[in-house]
$ cat work_26.pdb   # PDB, C-alpha atoms (C1' of nucleotides)
MODEL        1
ATOM      1  CA  MET J  11    -180.952  69.523 -59.676
ATOM      2  CA  SER J  12    -180.652  66.604 -57.275
ATOM      3  CA  ARG J  13    -178.897  63.353 -57.975
ATOM      4  CA  SER J  14    -182.101  61.349 -57.892
ATOM      5  CA  GLU J  15    -183.862  63.823 -60.160
ATOM      6  CA  ARG J  16    -181.058  63.412 -62.664
ATOM      7  CA  LEU J  17    -181.221  59.644 -62.290
ATOM      8  CA  CYS J  18    -184.905  59.723 -63.070
ATOM      9  CA  LEU J  19    -184.046  60.508 -66.642
ATOM     10  CA  ILE J  20    -182.630  57.038 -66.915
ATOM     11  CA  ARG J  21    -185.778  55.122 -66.221
ATOM     12  CA  GLY J  22    -189.478  54.889 -66.811
ATOM     13  CA  ASP J  23    -191.210  57.094 -69.306
ATOM     14  CA  GLN J  24    -188.846  59.925 -68.468
ATOM     15  CA  GLY J  25    -186.152  57.568 -69.744
ATOM     16  CA  ARG J  26    -187.213  57.929 -73.353
ATOM     17  CA  THR J  27    -184.616  60.593 -73.880
ATOM     18  CA  MET J  28    -181.842  58.503 -72.379
ATOM     19  CA  ARG J  29    -182.916  55.448 -74.340
ATOM     20  CA  SER J  30    -182.907  57.484 -77.491
ATOM     21  CA  LEU J  31    -179.281  58.359 -76.850
ATOM     22  CA  LEU J  32    -178.250  54.870 -75.828
ATOM     23  CA  ASP J  33    -179.967  53.280 -78.790
ATOM     24  CA  ARG J  34    -177.842  55.471 -80.980
ATOM     25  CA  ILE J  35    -174.403  55.220 -79.365
ATOM     26  CA  ALA J  36    -174.583  51.622 -78.266
ATOM     27  CA  ASP J  37    -174.991  50.292 -81.772
ATOM     28  CA  LYS J  38    -172.237  47.898 -82.598
ATOM     29  CA  TRP J  39    -170.337  50.254 -84.914
ATOM     30  CA  VAL J  40    -171.372  53.783 -83.986
ATOM     31  CA  LEU J  41    -168.654  54.560 -81.452
ATOM     32  CA  SER J  42    -165.996  53.192 -83.775
ATOM     33  CA  ILE J  43    -167.235  55.456 -86.523
ATOM     34  CA  ILE J  44    -167.337  58.503 -84.275
ATOM     35  CA  ALA J  45    -163.907  57.833 -82.824
ATOM     36  CA  THR J  46    -162.480  57.309 -86.305
ATOM     37  CA  LEU J  47    -164.002  60.507 -87.655
ATOM     38  CA  HIS J  48    -162.541  62.329 -84.680
ATOM     39  CA  ASP J  49    -159.234  62.154 -86.560
ATOM     40  CA  GLY J  50    -160.828  64.376 -89.181
ATOM     41  CA  ARG J  51    -162.954  64.320 -92.301
ATOM     42  CA  LEU J  52    -162.893  60.991 -94.138
ATOM     43  CA  ARG J  53    -164.453  59.404 -97.167
ATOM     44  CA  PHE J  54    -166.444  56.200 -97.329
ATOM     45  CA  THR J  55    -163.677  53.839 -98.354
ATOM     46  CA  ASP J  56    -161.241  55.316 -95.846
ATOM     47  CA  LEU J  57    -163.720  54.716 -93.067
ATOM     48  CA  GLN J  58    -164.247  51.153 -94.162
ATOM     49  CA  ARG J  59    -160.497  50.537 -94.239
ATOM     50  CA  ARG J  60    -159.966  52.063 -90.806
ATOM     51  CA  ILE J  61    -162.756  50.134 -89.145
ATOM     52  CA  PRO J  62    -161.786  46.484 -89.390
ATOM     53  CA  GLY J  63    -164.656  44.073 -89.828
ATOM     54  CA  ILE J  64    -167.398  46.513 -90.756
ATOM     55  CA  SER J  65    -169.444  45.559 -93.799
ATOM     56  CA  GLN J  66    -170.305  47.984 -96.551
ATOM     57  CA  ARG J  67    -173.940  47.647 -95.667
ATOM     58  CA  MET J  68    -173.496  48.431 -91.968
ATOM     59  CA  LEU J  69    -171.195  51.369 -92.658
ATOM     60  CA  SER J  70    -173.716  52.800 -95.099
ATOM     61  CA  LEU J  71    -176.649  52.288 -92.751
ATOM     62  CA  ASN J  72    -174.902  53.749 -89.724
ATOM     63  CA  LEU J  73    -173.619  56.761 -91.614
ATOM     64  CA  LYS J  74    -177.126  57.473 -92.782
ATOM     65  CA  HIS J  75    -178.506  57.229 -89.260
ATOM     66  CA  LEU J  76    -175.778  59.460 -87.863
ATOM     67  CA  GLU J  77    -176.382  62.020 -90.579
ATOM     68  CA  ARG J  78    -180.109  61.919 -89.982
ATOM     69  CA  ASP J  79    -179.561  62.588 -86.278
ATOM     70  CA  GLY J  80    -177.251  65.496 -86.976
ATOM     71  CA  LEU J  81    -174.138  63.840 -85.580
ATOM     72  CA  ILE J  82    -172.203  63.852 -88.834
ATOM     73  CA  THR J  83    -172.311  65.818 -92.071
ATOM     74  CA  ARG J  84    -172.127  64.282 -95.522
ATOM     75  CA  THR J  85    -170.520  66.273 -98.298
ATOM     76  CA  VAL J  86    -170.703  65.187-101.922
ATOM     77  CA  HIS J  87    -168.104  66.681-104.250
ATOM     78  CA  ALA J  88    -169.144  67.054-107.881
ATOM     79  CA  GLU J  89    -166.342  64.974-109.350
ATOM     80  CA  VAL J  90    -165.824  61.800-111.323
ATOM     81  CA  PRO J  91    -165.255  59.421-109.700
ATOM     82  CA  PRO J  92    -167.509  60.622-106.872
ATOM     83  CA  ARG J  93    -165.962  61.778-103.630
ATOM     84  CA  VAL J  94    -168.060  61.851-100.461
ATOM     85  CA  GLU J  95    -166.696  63.017 -97.161
ATOM     86  CA  TYR J  96    -168.038  62.582 -93.672
ATOM     87  CA  GLU J  97    -167.276  64.766 -90.700
ATOM     88  CA  LEU J  98    -168.383  65.052 -87.099
ATOM     89  CA  THR J  99    -170.679  67.892 -86.112
ATOM     90  CA  ASP J 100    -170.204  69.953 -82.956
ATOM     91  CA  LEU J 101    -173.002  67.914 -81.448
ATOM     92  CA  ALA J 102    -171.001  64.728 -81.873
ATOM     93  CA  GLU J 103    -167.831  66.418 -80.638
ATOM     94  CA  SER J 104    -169.586  67.363 -77.437
ATOM     95  CA  LEU J 105    -170.276  63.698 -76.846
ATOM     96  CA  ILE J 106    -166.651  62.623 -77.134
ATOM     97  CA  PRO J 107    -165.569  63.601 -73.590
ATOM     98  CA  HIS J 108    -168.305  61.362 -72.215
ATOM     99  CA  ALA J 109    -167.220  58.514 -74.462
ATOM    100  CA  ILE J 110    -163.682  58.974 -73.177
ATOM    101  CA  ALA J 111    -164.876  59.010 -69.582
ATOM    102  CA  LEU J 112    -166.686  55.749 -70.156
ATOM    103  CA  ALA J 113    -163.649  54.287 -71.883
ATOM    104  CA  ASP J 114    -161.552  55.252 -68.862
ATOM    105  CA  TRP J 115    -164.001  53.580 -66.528
ATOM    106  CA  ALA J 116    -163.955  50.513 -68.742
ATOM    107  CA  ARG J 117    -160.169  50.360 -68.747
ATOM    108  CA  GLU J 118    -160.132  50.503 -64.982
ATOM    109  CA  HIS J 119    -163.030  48.228 -64.104
ATOM    110  CA  VAL J 120    -163.845  45.838 -66.932
ATOM    111  CA  PRO J 121    -161.015  43.464 -65.938
ATOM    112  CA  ALA J 122    -162.731  43.106 -62.555
ATOM    113  CA  ILE J 123    -166.038  42.413 -64.264
ATOM    114  CA  GLU J 124    -164.481  39.741 -66.427
ATOM    115  CA  ALA J 125    -162.811  38.197 -63.407
ATOM    116  CA  ASN J 126    -166.185  38.097 -61.643
ATOM    117  CA  ARG J 127    -167.721  36.487 -64.667
ATOM    118  CA  ASP J 128    -165.049  33.820 -64.881
ATOM    119  CA  ALA J 129    -165.328  33.051 -61.178
ATOM    120  CA  TYR J 130    -169.089  32.803 -61.534
ATOM    121  CA  GLU J 131    -168.826  30.364 -64.387
ATOM    122  CA  GLN J 132    -166.408  28.239 -62.352
ATOM    123  CA  ARG J 133    -168.901  27.898 -59.528
ATOM    124  CA  ARG J 134    -171.564  26.367 -61.707
TER     125      ARG J 134
ATOM    126  CA  MET M   4    -152.421  59.707 -71.353
ATOM    127  CA  SER M   5    -153.388  61.608 -74.475
ATOM    128  CA  ARG M   6    -156.879  62.136 -75.758
ATOM    129  CA  SER M   7    -156.302  59.998 -78.841
ATOM    130  CA  GLU M   8    -154.738  57.221 -76.774
ATOM    131  CA  ARG M   9    -157.830  57.175 -74.601
ATOM    132  CA  LEU M  10    -160.044  57.243 -77.665
ATOM    133  CA  CYS M  11    -158.217  54.214 -79.006
ATOM    134  CA  LEU M  12    -159.921  52.139 -76.384
ATOM    135  CA  ILE M  13    -163.163  52.764 -78.181
ATOM    136  CA  ARG M  14    -162.276  51.170 -81.468
ATOM    137  CA  GLY M  15    -160.580  48.303 -83.171
ATOM    138  CA  ASP M  16    -159.278  45.352 -81.220
ATOM    139  CA  GLN M  17    -158.400  47.619 -78.315
ATOM    140  CA  GLY M  18    -162.131  48.314 -78.180
ATOM    141  CA  ARG M  19    -162.957  44.903 -76.754
ATOM    142  CA  THR M  20    -162.970  46.346 -73.261
ATOM    143  CA  MET M  21    -165.243  49.212 -74.195
ATOM    144  CA  ARG M  22    -167.576  46.913 -76.115
ATOM    145  CA  SER M  23    -167.730  44.632 -73.139
ATOM    146  CA  LEU M  24    -168.945  47.532 -71.021
ATOM    147  CA  LEU M  25    -171.362  48.848 -73.617
ATOM    148  CA  ASP M  26    -172.801  45.427 -74.277
ATOM    149  CA  ARG M  27    -173.640  45.303 -70.600
ATOM    150  CA  ILE M  28    -175.015  48.752 -69.868
ATOM    151  CA  ALA M  29    -176.755  49.377 -73.174
ATOM    152  CA  ASP M  30    -179.083  46.430 -72.781
ATOM    153  CA  LYS M  31    -182.641  47.572 -72.934
ATOM    154  CA  TRP M  32    -183.312  47.181 -69.203
ATOM    155  CA  VAL M  33    -179.957  47.287 -67.448
ATOM    156  CA  LEU M  34    -179.787  51.012 -66.726
ATOM    157  CA  SER M  35    -183.354  51.011 -65.432
ATOM    158  CA  ILE M  36    -182.476  48.213 -63.060
ATOM    159  CA  ILE M  37    -179.323  49.920 -61.835
ATOM    160  CA  ALA M  38    -181.056  53.265 -61.394
ATOM    161  CA  THR M  39    -183.908  51.625 -59.516
ATOM    162  CA  LEU M  40    -181.588  49.707 -57.210
ATOM    163  CA  HIS M  41    -179.800  52.957 -56.512
ATOM    164  CA  ASP M  42    -182.721  53.753 -54.226
ATOM    165  CA  GLY M  43    -181.618  50.822 -52.098
ATOM    166  CA  ARG M  44    -181.943  47.060 -51.711
ATOM    167  CA  LEU M  45    -185.063  45.651 -53.380
ATOM    168  CA  ARG M  46    -186.671  42.292 -53.955
ATOM    169  CA  PHE M  47    -187.711  40.729 -57.210
ATOM    170  CA  THR M  48    -191.356  41.755 -57.217
ATOM    171  CA  ASP M  49    -190.567  45.291 -56.103
ATOM    172  CA  LEU M  50    -188.187  45.673 -58.986
ATOM    173  CA  GLN M  51    -190.750  44.399 -61.423
ATOM    174  CA  ARG M  52    -193.354  46.811 -60.096
ATOM    175  CA  ARG M  53    -190.996  49.773 -60.269
ATOM    176  CA  ILE M  54    -189.830  49.078 -63.797
ATOM    177  CA  PRO M  55    -192.899  49.413 -65.974
ATOM    178  CA  GLY M  56    -193.040  47.105 -68.934
ATOM    179  CA  ILE M  57    -190.308  44.671 -67.978
ATOM    180  CA  SER M  58    -191.241  41.014 -68.298
ATOM    181  CA  GLN M  59    -190.515  38.468 -65.610
ATOM    182  CA  ARG M  60    -188.206  36.684 -67.973
ATOM    183  CA  MET M  61    -186.147  39.753 -68.849
ATOM    184  CA  LEU M  62    -185.874  40.874 -65.228
ATOM    185  CA  SER M  63    -184.678  37.434 -64.219
ATOM    186  CA  LEU M  64    -182.168  37.199 -67.046
ATOM    187  CA  ASN M  65    -180.760  40.672 -66.510
ATOM    188  CA  LEU M  66    -180.428  40.219 -62.781
ATOM    189  CA  LYS M  67    -178.494  37.028 -63.366
ATOM    190  CA  HIS M  68    -176.151  38.732 -65.793
ATOM    191  CA  LEU M  69    -175.592  41.662 -63.467
ATOM    192  CA  GLU M  70    -174.864  39.338 -60.593
ATOM    193  CA  ARG M  71    -172.501  37.286 -62.697
ATOM    194  CA  ASP M  72    -170.582  40.442 -63.628
ATOM    195  CA  GLY M  73    -170.331  41.561 -60.015
ATOM    196  CA  LEU M  74    -172.537  44.610 -60.433
ATOM    197  CA  ILE M  75    -175.239  43.476 -58.021
ATOM    198  CA  THR M  76    -175.460  41.062 -55.121
ATOM    199  CA  ARG M  77    -178.264  38.563 -54.630
ATOM    200  CA  THR M  78    -179.268  37.618 -51.090
ATOM    201  CA  VAL M  79    -181.652  34.764 -50.387
ATOM    202  CA  HIS M  80    -183.355  34.808 -46.985
ATOM    203  CA  ALA M  81    -184.311  31.403 -45.604
ATOM    204  CA  GLU M  82    -187.991  32.100 -45.164
ATOM    205  CA  VAL M  83    -191.314  30.889 -46.436
ATOM    206  CA  PRO M  84    -192.380  32.426 -48.697
ATOM    207  CA  PRO M  85    -188.924  33.080 -50.129
ATOM    208  CA  ARG M  86    -187.463  36.552 -49.976
ATOM    209  CA  VAL M  87    -184.638  37.509 -52.317
ATOM    210  CA  GLU M  88    -183.030  40.908 -52.267
ATOM    211  CA  TYR M  89    -180.840  42.600 -54.816
ATOM    212  CA  GLU M  90    -178.383  45.389 -54.146
ATOM    213  CA  LEU M  91    -175.806  47.347 -56.096
ATOM    214  CA  THR M  92    -172.137  46.644 -55.486
ATOM    215  CA  ASP M  93    -169.508  49.374 -55.164
ATOM    216  CA  LEU M  94    -168.503  48.564 -58.709
ATOM    217  CA  ALA M  95    -171.967  49.483 -59.964
ATOM    218  CA  GLU M  96    -172.088  52.580 -57.742
ATOM    219  CA  SER M  97    -168.886  53.814 -59.334
ATOM    220  CA  LEU M  98    -170.623  53.678 -62.680
ATOM    221  CA  ILE M  99    -173.547  55.842 -61.628
ATOM    222  CA  PRO M 100    -171.832  59.231 -62.009
ATOM    223  CA  HIS M 101    -171.079  58.380 -65.614
ATOM    224  CA  ALA M 102    -174.662  57.322 -66.210
ATOM    225  CA  ILE M 103    -175.789  60.647 -64.755
ATOM    226  CA  ALA M 104    -173.340  62.539 -66.941
ATOM    227  CA  LEU M 105    -174.759  60.786 -69.981
ATOM    228  CA  ALA M 106    -178.289  61.477 -68.831
ATOM    229  CA  ASP M 107    -177.425  65.148 -68.466
ATOM    230  CA  TRP M 108    -176.000  65.218 -71.970
ATOM    231  CA  ALA M 109    -179.125  63.488 -73.228
ATOM    232  CA  ARG M 110    -181.392  65.991 -71.521
ATOM    233  CA  GLU M 111    -179.526  68.849 -73.104
ATOM    234  CA  HIS M 112    -178.951  67.501 -76.616
ATOM    235  CA  VAL M 113    -181.420  64.771 -77.494
ATOM    236  CA  PRO M 114    -184.147  67.301 -78.342
ATOM    237  CA  ALA M 115    -181.791  68.685 -80.998
ATOM    238  CA  ILE M 116    -181.167  65.180 -82.304
ATOM    239  CA  GLU M 117    -184.863  64.497 -82.587
ATOM    240  CA  ALA M 118    -185.406  67.827 -84.303
ATOM    241  CA  ASN M 119    -182.700  66.913 -86.800
ATOM    242  CA  ARG M 120    -184.319  63.569 -87.366
ATOM    243  CA  ASP M 121    -187.754  65.072 -87.969
ATOM    244  CA  ALA M 122    -186.328  67.649 -90.364
ATOM    245  CA  TYR M 123    -184.510  64.899 -92.213
ATOM    246  CA  GLU M 124    -187.657  62.839 -92.609
ATOM    247  CA  GLN M 125    -189.480  65.917 -93.926
ATOM    248  CA  ARG M 126    -186.943  66.367 -96.673
ATOM    249  CA  ARG M 127    -187.530  62.926 -98.143
TER     250      ARG M 127
ATOM    251  C1'  DC L  18    -192.791  34.801 -54.049
ATOM    252  C1'  DT L  19    -189.238  33.863 -57.206
ATOM    253  C1'  DG L  20    -188.154  32.239 -60.635
ATOM    254  C1'  DT L  21    -187.526  28.558 -65.237
ATOM    255  C1'  DA L  22    -189.065  26.507 -69.754
ATOM    256  C1'  DT L  23    -191.043  26.848 -74.099
ATOM    257  C1'  DC L  24    -192.752  28.931 -78.115
ATOM    258  C1'  DC L  25    -192.799  32.403 -81.440
ATOM    259  C1'  DT L  26    -192.088  36.733 -83.819
ATOM    260  C1'  DT L  27    -189.242  40.265 -84.982
ATOM    261  C1'  DA L  28    -184.809  42.976 -85.553
ATOM    262  C1'  DG L  29    -179.945  42.949 -86.447
ATOM    263  C1'  DC L  30    -176.516  41.940 -89.298
ATOM    264  C1'  DG L  31    -173.309  39.548 -92.532
ATOM    265  C1'  DA L  32    -172.637  37.885 -97.384
ATOM    266  C1'  DT L  33    -173.294  38.608-101.862
ATOM    267  C1'  DA L  34    -174.567  40.686-105.998
ATOM    268  C1'  DC L  35    -175.716  44.616-108.491
ATOM    269  C1'  DT L  36    -175.887  50.043-109.928
ATOM    270  C1'  DG L  37    -175.007  55.195-111.009
TER     271       DG L  37
ATOM    272  C1'  DC Q  17    -165.986  55.178-105.697
ATOM    273  C1'  DA Q  18    -169.983  54.976-103.086
ATOM    274  C1'  DG Q  19    -173.408  53.015-102.314
ATOM    275  C1'  DT Q  20    -178.453  49.921-102.666
ATOM    276  C1'  DA Q  21    -181.082  45.392-102.927
ATOM    277  C1'  DT Q  22    -181.946  40.929-101.590
ATOM    278  C1'  DC Q  23    -181.414  36.813 -98.884
ATOM    279  C1'  DG Q  24    -180.925  34.107 -94.981
ATOM    280  C1'  DC Q  25    -179.265  33.197 -90.393
ATOM    281  C1'  DT Q  26    -179.221  34.193 -85.522
ATOM    282  C1'  DA Q  27    -180.239  36.134 -81.234
ATOM    283  C1'  DA Q  28    -183.168  39.253 -78.479
ATOM    284  C1'  DG Q  29    -187.073  39.604 -76.345
ATOM    285  C1'  DG Q  30    -192.284  39.189 -75.289
ATOM    286  C1'  DA Q  31    -196.160  35.983 -73.905
ATOM    287  C1'  DT Q  32    -197.505  32.305 -71.611
ATOM    288  C1'  DA Q  33    -197.394  28.395 -68.811
ATOM    289  C1'  DC Q  34    -195.375  25.884 -65.280
ATOM    290  C1'  DA Q  35    -192.386  24.797 -60.785
ATOM    291  C1'  DG Q  36    -189.915  24.887 -56.106
TER     292       DG Q  36
ENDMDL
END

$ encode --input "work_26.pdb" --output "structure tokens"
Amino acid sequence: MSRSERLCLIRGDQGRTMRSLLDRIADKWVLSIIATLHDGRLRFTDLQRRIPGISQRMLSLNLKHLERDGLITRTVHAEVPPRVEYELTDLAESLIPHAIALADWAREHVPAIEANRDAYEQRR
Amino acid sequence: MSRSERLCLIRGDQGRTMRSLLDRIADKWVLSIIATLHDGRLRFTDLQRRIPGISQRMLSLNLKHLERDGLITRTVHAEVPPRVEYELTDLAESLIPHAIALADWAREHVPAIEANRDAYEQRR
DNA sequence: CTGTATCCTTAGCGATACTG
DNA sequence: CAGTATCGCTAAGGATACAG
């Protein structure tokens, strides 16, 4: 498949698929949650402690969305007090290399972007 | 650099850089603009015509942001009527392979995600 | 042709309080 | 412990009108 054919997926009506993905992973907290769960299975409170700044509400909402999309599993243990554990699915794992690739690009190039931005602000 | 070190860039305070990138490229229209400009230099109206649904306001705003960040160049030709052309910088070009990689992942896996979502909605 | 300004509605999200 | 419910603020974004 040609480069431009593959690019087509990014835009127009064909871009629905790509948008669907971006809408999911670009949420403010989603990548933090996925990266944190990459360490292994964790329960609600552990996640909240490991992700500084996230509210209970946002953690709950995002976990539900990720579960709905099949990116994490939610396991309830029949205990008192309740214990609920979250874990990445293979689907989510397969996304991690791409996240890392993007992170690498960011590490290399974002400083240049921020320099451009600062210079731009100076000029006005 | 280890996998978990590279993942660290995604979360917590170290994640500023990654967020900065995501905040840019995950905007509703940014990837469409970049993909469209990948065909070559284009002027304002051409861009608007090739990106269905984008409003004049959003195109203008996004182009300004992308220029500010050094991802596109803006060239004004001294003519009447005015002609302004936009073009990707090398910085933006270096991002394209990653966008394509993500698009490929989306093409392969988003159908599964949407199937999961539908099944989930059925259950409730 | 290439934008900017203004208005307005909606979506995201944090804070807080409450529940099984 | 693991959430849900409610409220209120803010910012994103579309529509429209206007301007250089």

$ interface_residues --input "work_26.pdb" --of "chain Q" --to "chain J" --cutoff "8 Å" --atoms "all atoms listed in the file" --output "PyMOL selection string"
chain Q and resi 17-19

$ write_last_selection --input "work_26.pdb" --atoms "C-alpha atoms (C1' of nucleotides)" --output "PDB file, in the coordinates of the input"
ATOM      1  C1'  DC Q  17    -165.986  55.178-105.697  1.00  0.00           C
ATOM      2  C1'  DA Q  18    -169.983  54.976-103.086  1.00  0.00           C
ATOM      3  C1'  DG Q  19    -173.408  53.015-102.314  1.00  0.00           C
TER       4       DG Q  19
END

$ interface_residues --input "work_26.pdb" --of "chain L" --to "chain J" --cutoff "10 Å" --atoms "only C-alpha atoms (C1' of nucleotides)" --output "list in words"
DG29, DC30, DG31 and DA32 of chain L

$ calpha_fit_and_write --input "work_26.pdb" --fixed "chain J" --moving "chain M" --output "short mmCIF file (atom, residue, chain, number, x, y, z; two decimals) with C-alpha atoms, in the coordinates of the input"
data_model
loop_
_atom_site.label_atom_id
_atom_site.label_comp_id
_atom_site.auth_asym_id
_atom_site.auth_seq_id
_atom_site.Cartn_x
_atom_site.Cartn_y
_atom_site.Cartn_z
CA MET M 4 -180.96 69.46 -59.62
CA SER M 5 -180.63 66.54 -57.24
CA ARG M 6 -178.89 63.29 -57.95
CA SER M 7 -182.11 61.29 -57.86
CA GLU M 8 -183.86 63.78 -60.13
CA ARG M 9 -181.07 63.37 -62.64
CA LEU M 10 -181.22 59.61 -62.26
CA CYS M 11 -184.92 59.72 -63.04
CA LEU M 12 -184.06 60.49 -66.61
CA ILE M 13 -182.63 57.02 -66.88
CA ARG M 14 -185.77 55.09 -66.15
CA GLY M 15 -189.47 54.84 -66.70
CA ASP M 16 -191.24 57.07 -69.17
CA GLN M 17 -188.85 59.90 -68.38
CA GLY M 18 -186.18 57.56 -69.72
CA ARG M 19 -187.28 57.98 -73.32
CA THR M 20 -184.64 60.64 -73.84
CA MET M 21 -181.88 58.53 -72.36
CA ARG M 22 -182.98 55.47 -74.33
CA SER M 23 -182.98 57.53 -77.47
CA LEU M 24 -179.34 58.41 -76.85
CA LEU M 25 -178.32 54.91 -75.85
CA ASP M 26 -180.07 53.36 -78.80
CA ARG M 27 -177.91 55.56 -80.97
CA ILE M 28 -174.48 55.31 -79.39
CA ALA M 29 -174.65 51.70 -78.25
CA ASP M 30 -175.07 50.37 -81.76
CA LYS M 31 -172.34 47.94 -82.55
CA TRP M 32 -170.42 50.28 -84.86
CA VAL M 33 -171.45 53.82 -83.97
CA LEU M 34 -168.73 54.59 -81.43
CA SER M 35 -166.06 53.21 -83.74
CA ILE M 36 -167.28 55.48 -86.49
CA ILE M 37 -167.38 58.53 -84.25
CA ALA M 38 -163.96 57.83 -82.78
CA THR M 39 -162.50 57.30 -86.24
CA LEU M 40 -164.01 60.50 -87.61
CA HIS M 41 -162.55 62.31 -84.63
CA ASP M 42 -159.25 62.12 -86.49
CA GLY M 43 -160.80 64.36 -89.12
CA ARG M 44 -162.92 64.31 -92.27
CA LEU M 45 -162.86 60.95 -94.06
CA ARG M 46 -164.43 59.35 -97.09
CA PHE M 47 -166.43 56.17 -97.28
CA THR M 48 -163.65 53.79 -98.26
CA ASP M 49 -161.23 55.27 -95.74
CA LEU M 50 -163.73 54.68 -93.00
CA GLN M 51 -164.26 51.12 -94.08
CA ARG M 52 -160.53 50.48 -94.13
CA ARG M 53 -160.00 52.00 -90.70
CA ILE M 54 -162.83 50.10 -89.05
CA PRO M 55 -161.88 46.45 -89.28
CA GLY M 56 -164.74 44.06 -89.73
CA ILE M 57 -167.47 46.50 -90.67
CA SER M 58 -169.51 45.53 -93.71
CA GLN M 59 -170.33 47.95 -96.49
CA ARG M 60 -173.97 47.64 -95.64
CA MET M 61 -173.54 48.44 -91.95
CA LEU M 62 -171.23 51.37 -92.63
CA SER M 63 -173.71 52.81 -95.09
CA LEU M 64 -176.67 52.34 -92.76
CA ASN M 65 -174.92 53.78 -89.73
CA LEU M 66 -173.63 56.78 -91.61
CA LYS M 67 -177.14 57.52 -92.80
CA HIS M 68 -178.52 57.30 -89.29
CA LEU M 69 -175.79 59.51 -87.89
CA GLU M 70 -176.37 62.07 -90.59
CA ARG M 71 -180.10 61.98 -90.02
CA ASP M 72 -179.56 62.65 -86.31
CA GLY M 73 -177.23 65.57 -87.00
CA LEU M 74 -174.14 63.89 -85.59
CA ILE M 75 -172.18 63.88 -88.84
CA THR M 76 -172.27 65.84 -92.08
CA ARG M 77 -172.07 64.28 -95.52
CA THR M 78 -170.42 66.24 -98.33
CA VAL M 79 -170.60 65.10 -101.93
CA HIS M 80 -167.97 66.53 -104.27
CA ALA M 81 -169.01 66.83 -107.91
CA GLU M 82 -166.22 64.75 -109.36
CA VAL M 83 -165.71 61.56 -111.29
CA PRO M 84 -165.16 59.21 -109.62
CA PRO M 85 -167.41 60.44 -106.81
CA ARG M 86 -165.87 61.63 -103.58
CA VAL M 87 -167.99 61.77 -100.44
CA GLU M 88 -166.64 62.98 -97.14
CA TYR M 89 -168.00 62.57 -93.66
CA GLU M 90 -167.25 64.78 -90.69
CA LEU M 91 -168.37 65.08 -87.10
CA THR M 92 -170.66 67.94 -86.13
CA ASP M 93 -170.21 70.00 -82.97
CA LEU M 94 -173.02 67.98 -81.48
CA ALA M 95 -171.02 64.78 -81.89
CA GLU M 96 -167.83 66.47 -80.64
CA SER M 97 -169.62 67.43 -77.45
CA LEU M 98 -170.31 63.76 -76.86
CA ILE M 99 -166.69 62.69 -77.13
CA PRO M 100 -165.62 63.65 -73.59
CA HIS M 101 -168.34 61.41 -72.22
CA ALA M 102 -167.26 58.56 -74.47
CA ILE M 103 -163.71 59.02 -73.19
CA ALA M 104 -164.91 59.06 -69.60
CA LEU M 105 -166.71 55.78 -70.21
CA ALA M 106 -163.67 54.34 -71.91
CA ASP M 107 -161.56 55.30 -68.92
CA TRP M 108 -164.01 53.61 -66.58
CA ALA M 109 -163.96 50.55 -68.81
CA ARG M 110 -160.18 50.42 -68.80
CA GLU M 111 -160.12 50.55 -65.05
CA HIS M 112 -163.02 48.25 -64.18
CA VAL M 113 -163.83 45.87 -67.01
CA PRO M 114 -160.99 43.52 -66.04
CA ALA M 115 -162.70 43.13 -62.66
CA ILE M 116 -166.01 42.45 -64.39
CA GLU M 117 -164.46 39.77 -66.55
CA ALA M 118 -162.76 38.23 -63.54
CA ASN M 119 -166.12 38.11 -61.78
CA ARG M 120 -167.68 36.51 -64.80
CA ASP M 121 -164.99 33.84 -65.06
CA ALA M 122 -165.25 33.07 -61.35
CA TYR M 123 -169.01 32.79 -61.69
CA GLU M 124 -168.75 30.35 -64.57
CA GLN M 125 -166.29 28.26 -62.54
CA ARG M 126 -168.77 27.89 -59.73
CA ARG M 127 -171.41 26.29 -61.92
#

$ interface_residues --input "work_26.pdb" --of "chain M" --to "chain J" --cutoff "7 Å" --atoms "all atoms listed in the file" --output "VMD selection string"
chain M and resid 9 to 10 12 to 15 20 to 21 24 to 25 29 34 to 35 38 54 to 55 71 to 73 101 103 105 to 106 109 to 110 113 116 to 117 119 to 120 123

$ write_last_selection --input "work_26.pdb" --atoms "C-alpha atoms" --output "CSV table (one decimal), in the frame of the given file"
chain,number,residue,atom,x,y,z
M,9,ARG,CA,-157.8,57.2,-74.6
M,10,LEU,CA,-160.0,57.2,-77.7
M,12,LEU,CA,-159.9,52.1,-76.4
M,13,ILE,CA,-163.2,52.8,-78.2
M,14,ARG,CA,-162.3,51.2,-81.5
M,15,GLY,CA,-160.6,48.3,-83.2
M,20,THR,CA,-163.0,46.3,-73.3
M,21,MET,CA,-165.2,49.2,-74.2
M,24,LEU,CA,-168.9,47.5,-71.0
M,25,LEU,CA,-171.4,48.8,-73.6
M,29,ALA,CA,-176.8,49.4,-73.2
M,34,LEU,CA,-179.8,51.0,-66.7
M,35,SER,CA,-183.4,51.0,-65.4
M,38,ALA,CA,-181.1,53.3,-61.4
M,54,ILE,CA,-189.8,49.1,-63.8
M,55,PRO,CA,-192.9,49.4,-66.0
M,71,ARG,CA,-172.5,37.3,-62.7
M,72,ASP,CA,-170.6,40.4,-63.6
M,73,GLY,CA,-170.3,41.6,-60.0
M,101,HIS,CA,-171.1,58.4,-65.6
M,103,ILE,CA,-175.8,60.6,-64.8
M,105,LEU,CA,-174.8,60.8,-70.0
M,106,ALA,CA,-178.3,61.5,-68.8
M,109,ALA,CA,-179.1,63.5,-73.2
M,110,ARG,CA,-181.4,66.0,-71.5
M,113,VAL,CA,-181.4,64.8,-77.5
M,116,ILE,CA,-181.2,65.2,-82.3
M,117,GLU,CA,-184.9,64.5,-82.6
M,119,ASN,CA,-182.7,66.9,-86.8
M,120,ARG,CA,-184.3,63.6,-87.4
M,123,TYR,CA,-184.5,64.9,-92.2

$ resolve_selection --input "work_26.pdb" --expression "the PyMOL selection byres ((chain J and resi 51) around 6)" --output "list in words"
Gly50, Leu52, Tyr96 and Glu97 of chain J
